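Reviewing the structure listed below.
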Amino acid sequence: MFDFDRLDKLIHEKGRLAIMTLLAARSGWPFQDLKAELKMSDGNLISHLRALHQAGYVAYRKEILTRPQTRYELTEKGRKAFQNYLHVLEEMVRSTKT
Amino acid sequence: MTESEYAQNQLRAIRSLMERATVYRSISAPTALVGGLLSFGGFGMAYFAKHNRNYPLTPGEFLVVWLVILALTSLANLIFLWRGAVHRREPLFSSGMKCALLSLAPAFIIAAVLTCMIHRPIQLGILWITLYGLALLATQHFAPRSLIVLGVTFFFTGCILMATWKHFFMPPGQLDPSALVVSGILAATFGGFHLAYAAAVWALGEDRPAHNRDREPQPHV
């Protein structure tokens, strides 16, 4: 039986996993791009980003181009946590095949 | 659902989301507009040669005209992609661009080799249309939907032209359609299709990043 506790509970939630995936695929996502890609409400996306930021997985910076915007990216800790999450999933697949 | 199936589903969802996040548009809408207009300009030159100069473009002149159009359009594409990369704060030769170049290269190399070997404008024109469609289709795993539709349109148009050009474009008593007719075909495809593509991209708002469309709520984190 596989130990599900090895999966990072913070990342395992569907919305947060989607956010971590996008940030791992490309760095520096503006808030509105994340929202458009994930089709989440403002409040939902903000609360997930806040949780990830408090865990040290996500960093953000505010900037002004044509209008103020906030860009999000994975921290080193967040990238390692995401890679670890993927390794655990791969182990789950491997463990049942062997 | 077993643990393995669950894990596989999770990994599949992650992969699919990552692929969506790395969509790369190798031909921007402004480039398509420039290329489309230049293609009609190429047809205009062929028309001018036939009716004002009193003899049509020779195969050599035809080749030069369309290679110049290709060079100018490629230059415009490079400039627009560079501007887009600066705006997104990404390097010009991003992983997306490298992937696009590697995917486009085989069809473009074949087109270049065949262009050196073939001298009949009608054959060249149809090959360019077909191979350009193939090149665009080679980027389908990371290209936006509109670019895939453009590739499909070019590819099937080329295939149809290969099979039918002798019935529709062959003047009686001559071996080949004139450079004017071939330029017309190229203007209709490289010109018309690219203008339609640019219009579709702008109409659908595909070229605008989401952060330019909506305001950001405050506060964030």
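Order determines the names: the first chain of the structure tokens is A, the second B, and so forth; residues in each chain are numbered 1 upward, and ligands are numbered 1 upward as they are shown.
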
Hey, what's within 9 Å of Ala29 of chain B if we count only C-alpha atoms and toss same-chain stuff fewer than 2 positions away? As number ranges by chain, please? B: 27, 31-34, 194-195, 197-202, 207

Put those residues in a file: N, CA and C atoms, as a PDB file, in the first residue's frame.
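Dumped everything to again_21.pdb:
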ATOM      1  N   ILE B  27       4.322  32.631 -35.886  1.00  0.00           N
ATOM      2  CA  ILE B  27       4.004  33.688 -36.861  1.00  0.00           C
ATOM      3  C   ILE B  27       2.988  34.626 -36.225  1.00  0.00           C
ATOM      4  N   THR B  31       2.961  40.058 -38.585  1.00  0.00           N
ATOM      5  CA  THR B  31       3.780  39.459 -39.647  1.00  0.00           C
ATOM      6  C   THR B  31       2.895  38.944 -40.770  1.00  0.00           C
ATOM      7  N   ALA B  32       1.792  38.299 -40.372  1.00  0.00           N
ATOM      8  CA  ALA B  32       0.870  37.761 -41.379  1.00  0.00           C
ATOM      9  C   ALA B  32       0.310  38.893 -42.235  1.00  0.00           C
ATOM     10  N   LEU B  33       0.030  40.028 -41.582  1.00  0.00           N
ATOM     11  CA  LEU B  33      -0.478  41.188 -42.328  1.00  0.00           C
ATOM     12  C   LEU B  33       0.576  41.682 -43.330  1.00  0.00           C
ATOM     13  N   VAL B  34       1.818  41.818 -42.853  1.00  0.00           N
ATOM     14  CA  VAL B  34       2.902  42.284 -43.732  1.00  0.00           C
ATOM     15  C   VAL B  34       3.106  41.285 -44.882  1.00  0.00           C
ATOM     16  N   HIS B 194      -3.005  34.569 -45.226  1.00  0.00           N
ATOM     17  CA  HIS B 194      -2.343  35.268 -44.118  1.00  0.00           C
ATOM     18  C   HIS B 194      -3.172  36.454 -43.624  1.00  0.00           C
ATOM     19  N   LEU B 195      -3.822  37.147 -44.549  1.00  0.00           N
ATOM     20  CA  LEU B 195      -4.678  38.267 -44.120  1.00  0.00           C
ATOM     21  C   LEU B 195      -5.862  37.741 -43.303  1.00  0.00           C
ATOM     22  N   TYR B 197      -5.853  35.010 -41.551  1.00  0.00           N
ATOM     23  CA  TYR B 197      -5.286  34.565 -40.267  1.00  0.00           C
ATOM     24  C   TYR B 197      -5.092  35.758 -39.321  1.00  0.00           C
ATOM     25  N   ALA B 198      -4.507  36.842 -39.861  1.00  0.00           N
ATOM     26  CA  ALA B 198      -4.279  38.034 -39.028  1.00  0.00           C
ATOM     27  C   ALA B 198      -5.615  38.578 -38.518  1.00  0.00           C
ATOM     28  N   ALA B 199      -6.605  38.624 -39.400  1.00  0.00           N
ATOM     29  CA  ALA B 199      -7.921  39.140 -38.990  1.00  0.00           C
ATOM     30  C   ALA B 199      -8.522  38.258 -37.903  1.00  0.00           C
ATOM     31  N   ALA B 200      -8.379  36.932 -38.056  1.00  0.00           N
ATOM     32  CA  ALA B 200      -8.946  36.007 -37.063  1.00  0.00           C
ATOM     33  C   ALA B 200      -8.248  36.167 -35.714  1.00  0.00           C
ATOM     34  N   VAL B 201      -6.926  36.296 -35.740  1.00  0.00           N
ATOM     35  CA  VAL B 201      -6.175  36.437 -34.479  1.00  0.00           C
ATOM     36  C   VAL B 201      -6.592  37.714 -33.760  1.00  0.00           C
ATOM     37  N   TRP B 202      -6.740  38.805 -34.521  1.00  0.00           N
ATOM     38  CA  TRP B 202      -7.141  40.074 -33.901  1.00  0.00           C
ATOM     39  C   TRP B 202      -8.593  40.026 -33.448  1.00  0.00           C
ATOM     40  N   ASP B 207      -3.974  37.517 -29.726  1.00  0.00           N
ATOM     41  CA  ASP B 207      -2.635  38.112 -29.615  1.00  0.00           C
ATOM     42  C   ASP B 207      -2.460  38.943 -28.356  1.00  0.00           C
TER      43      ASP B 207
END

Compute the set of chain A residues within 6 Å of chain B, using only C-alpha atoms, and express it as a PyMOL selection string. chain A and resi 25+32-33+46+50+89+92-93

9 Å contact set for Leu38 of chain A, only C-alpha atoms, chain neighbours under 6 positions out, as a ChimeraX atom specification: /A:15,18-19,45

Write a file of the selected residues as a PDB file, in the first residue's frame, keeping C-alpha atoms.
ATOM      1  CA  GLY A  15      -6.223  24.504  -7.806  1.00  0.00           C
ATOM      2  CA  ALA A  18      -2.556  23.798 -11.391  1.00  0.00           C
ATOM      3  CA  ILE A  19      -0.912  27.045 -10.250  1.00  0.00           C
ATOM      4  CA  LEU A  45      -6.835  32.456  -7.112  1.00  0.00           C
TER       5      LEU A  45
END

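Going from atom CA of Ile109 of chain B to atom CA of Trp128 of chain B covers 11.3 Å.
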
Spatial neighbours of Gln123 of chain B, 12 Å, only C-alpha atoms, chain gap at least 3 places, as an MDAnalysis selection string: chainID B and resid 59 63 111 114:115 117:120 126:131 158:159 161:163 165:166 176:179 182:183 185:186

If you run DSSP on the backbone, which residues of segment 122-163 of chain B are alpha helix (DSSP H), as a PyMOL selection string? chain B and resi 122-137+145-163

Once you have the residues from the selection above, write them out as a short mmCIF file (atom, residue, chain, number, x, y, z; two decimals), in the first residue's frame, restricted to N, CA and C atoms.
data_model
loop_
_atom_site.label_atom_id
_atom_site.label_comp_id
_atom_site.auth_asym_id
_atom_site.auth_seq_id
_atom_site.Cartn_x
_atom_site.Cartn_y
_atom_site.Cartn_z
N ILE B 122 5.09 27.22 -61.79
CA ILE B 122 3.89 26.56 -61.26
C ILE B 122 4.27 25.45 -60.28
N GLN B 123 5.31 24.69 -60.60
CA GLN B 123 5.73 23.63 -59.69
C GLN B 123 6.31 24.21 -58.40
N LEU B 124 7.10 25.27 -58.57
CA LEU B 124 7.67 25.92 -57.39
C LEU B 124 6.56 26.45 -56.46
N GLY B 125 5.60 27.14 -57.07
CA GLY B 125 4.52 27.75 -56.29
C GLY B 125 3.76 26.70 -55.48
N ILE B 126 3.40 25.61 -56.14
CA ILE B 126 2.61 24.58 -55.45
C ILE B 126 3.45 23.90 -54.36
N LEU B 127 4.73 23.68 -54.64
CA LEU B 127 5.61 23.10 -53.61
C LEU B 127 5.74 24.02 -52.41
N TRP B 128 5.90 25.31 -52.66
CA TRP B 128 6.02 26.26 -51.54
C TRP B 128 4.76 26.23 -50.68
N ILE B 129 3.60 26.22 -51.35
CA ILE B 129 2.33 26.23 -50.59
C ILE B 129 2.23 24.97 -49.72
N THR B 130 2.51 23.81 -50.33
CA THR B 130 2.37 22.54 -49.61
C THR B 130 3.39 22.43 -48.47
N LEU B 131 4.64 22.76 -48.78
CA LEU B 131 5.69 22.61 -47.75
C LEU B 131 5.54 23.63 -46.63
N TYR B 132 5.02 24.81 -46.95
CA TYR B 132 4.76 25.79 -45.90
C TYR B 132 3.68 25.26 -44.95
N GLY B 133 2.64 24.65 -45.54
CA GLY B 133 1.60 24.03 -44.72
C GLY B 133 2.18 22.94 -43.84
N LEU B 134 3.06 22.11 -44.41
CA LEU B 134 3.69 21.03 -43.63
C LEU B 134 4.53 21.61 -42.50
N ALA B 135 5.27 22.69 -42.79
CA ALA B 135 6.11 23.32 -41.76
C ALA B 135 5.25 23.80 -40.60
N LEU B 136 4.12 24.45 -40.91
CA LEU B 136 3.25 24.94 -39.84
C LEU B 136 2.65 23.78 -39.05
N LEU B 137 2.29 22.72 -39.76
CA LEU B 137 1.72 21.56 -39.07
C LEU B 137 2.73 20.88 -38.15
N ARG B 145 -4.34 27.33 -31.90
CA ARG B 145 -5.28 26.68 -32.83
C ARG B 145 -5.32 27.38 -34.21
N SER B 146 -5.28 28.73 -34.19
CA SER B 146 -5.38 29.46 -35.46
C SER B 146 -4.22 29.13 -36.40
N LEU B 147 -3.04 28.92 -35.82
CA LEU B 147 -1.87 28.61 -36.65
C LEU B 147 -1.98 27.19 -37.24
N ILE B 148 -2.57 26.28 -36.47
CA ILE B 148 -2.77 24.92 -36.97
C ILE B 148 -3.77 24.95 -38.13
N VAL B 149 -4.83 25.74 -37.96
CA VAL B 149 -5.83 25.87 -39.04
C VAL B 149 -5.16 26.43 -40.30
N LEU B 150 -4.28 27.42 -40.11
CA LEU B 150 -3.56 28.00 -41.25
C LEU B 150 -2.71 26.92 -41.94
N GLY B 151 -2.02 26.12 -41.15
CA GLY B 151 -1.19 25.04 -41.71
C GLY B 151 -2.02 24.03 -42.48
N VAL B 152 -3.15 23.64 -41.91
CA VAL B 152 -4.04 22.67 -42.58
C VAL B 152 -4.53 23.25 -43.91
N THR B 153 -4.90 24.53 -43.88
CA THR B 153 -5.43 25.18 -45.08
C THR B 153 -4.37 25.20 -46.19
N PHE B 154 -3.15 25.60 -45.84
CA PHE B 154 -2.07 25.62 -46.84
C PHE B 154 -1.80 24.21 -47.37
N PHE B 155 -1.73 23.25 -46.47
CA PHE B 155 -1.37 21.89 -46.87
C PHE B 155 -2.40 21.32 -47.85
N PHE B 156 -3.68 21.43 -47.51
CA PHE B 156 -4.69 20.85 -48.39
C PHE B 156 -4.85 21.64 -49.68
N THR B 157 -4.67 22.95 -49.61
CA THR B 157 -4.71 23.75 -50.84
C THR B 157 -3.60 23.29 -51.78
N GLY B 158 -2.39 23.08 -51.22
CA GLY B 158 -1.28 22.60 -52.03
C GLY B 158 -1.58 21.25 -52.66
N CYS B 159 -2.14 20.34 -51.86
CA CYS B 159 -2.47 19.00 -52.37
C CYS B 159 -3.50 19.09 -53.51
N ILE B 160 -4.52 19.93 -53.30
CA ILE B 160 -5.57 20.07 -54.32
C ILE B 160 -4.99 20.68 -55.60
N LEU B 161 -4.13 21.68 -55.42
CA LEU B 161 -3.51 22.32 -56.59
C LEU B 161 -2.64 21.34 -57.36
N MET B 162 -1.92 20.48 -56.64
CA MET B 162 -1.07 19.48 -57.31
C MET B 162 -1.89 18.62 -58.26
N ALA B 163 -3.07 18.26 -57.77
CA ALA B 163 -3.91 17.34 -58.56
C ALA B 163 -4.68 18.06 -59.66
#
